[in-house]
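Visitor: Mind looking over this structure? Questions follow.
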Amino acid sequence: MNKKWAVKRITINLALNEAKNLEKYCQQTGRPATDVIRELIRALPLTKSK
C-alpha cells in the first residue's frame, strides 16, 4: 500500500508535563507521537462553515 501525503510540518511547544504525558502514553501503547497526535486531530469535532 503506497500512500502519497501532502505534508505540512508543524512544531508545537509543550509544557514539560504535557511532553512527559505524551512520551509515557507512546511508551505504553508502542505508538509514535506523530500517530497519536494525528489521531487526536482527526477526532476534533468540526462544524460546517456557512
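Just so we're on the same page: first chain in the C-alpha cells is A, next is B, and so on; residues restart at 1 for each chain, and ligands are numbered from 1 in the order they show up.
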Please extract the residues of chain A with a backbone DSSP assignment of alpha helix (DSSP H) and present them as a count of residues only.

Guide: 24

Visitor: Taking 2 positions as the minimum chain separation for residues in the same chain, which residues sit within 12 Å of segment 34-47 of chain A when counting only C-alpha atoms? Answer as a compact mmCIF listing (two decimals) with C-alpha atoms, in the first residue's frame.

Guide:
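Wrote it out as part33.txt, contents follow:
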```txt
# COMPACT_ATOMS: atom_id res chain seq x y z
CA ARG A 9 5.42 20.14 9.07
CA ILE A 10 4.49 21.88 12.31
CA THR A 11 6.31 22.50 15.55
CA ILE A 12 4.44 22.65 18.84
CA ALA A 19 5.58 16.25 26.88
CA ASN A 21 2.44 12.54 29.35
CA LEU A 22 2.78 12.14 25.59
CA GLU A 23 6.03 10.20 25.93
CA LYS A 24 4.54 7.94 28.61
CA TYR A 25 1.44 7.27 26.52
CA CYS A 26 3.59 6.44 23.50
CA GLN A 27 5.71 4.04 25.55
CA GLN A 28 2.63 2.34 26.99
CA THR A 29 0.94 1.93 23.62
CA GLY A 30 4.04 1.39 21.49
CA ARG A 31 2.86 4.08 19.08
CA PRO A 32 4.86 7.03 17.76
CA SER A 49 -18.89 26.55 7.59
CA LYS A 50 -21.73 28.56 6.17
```
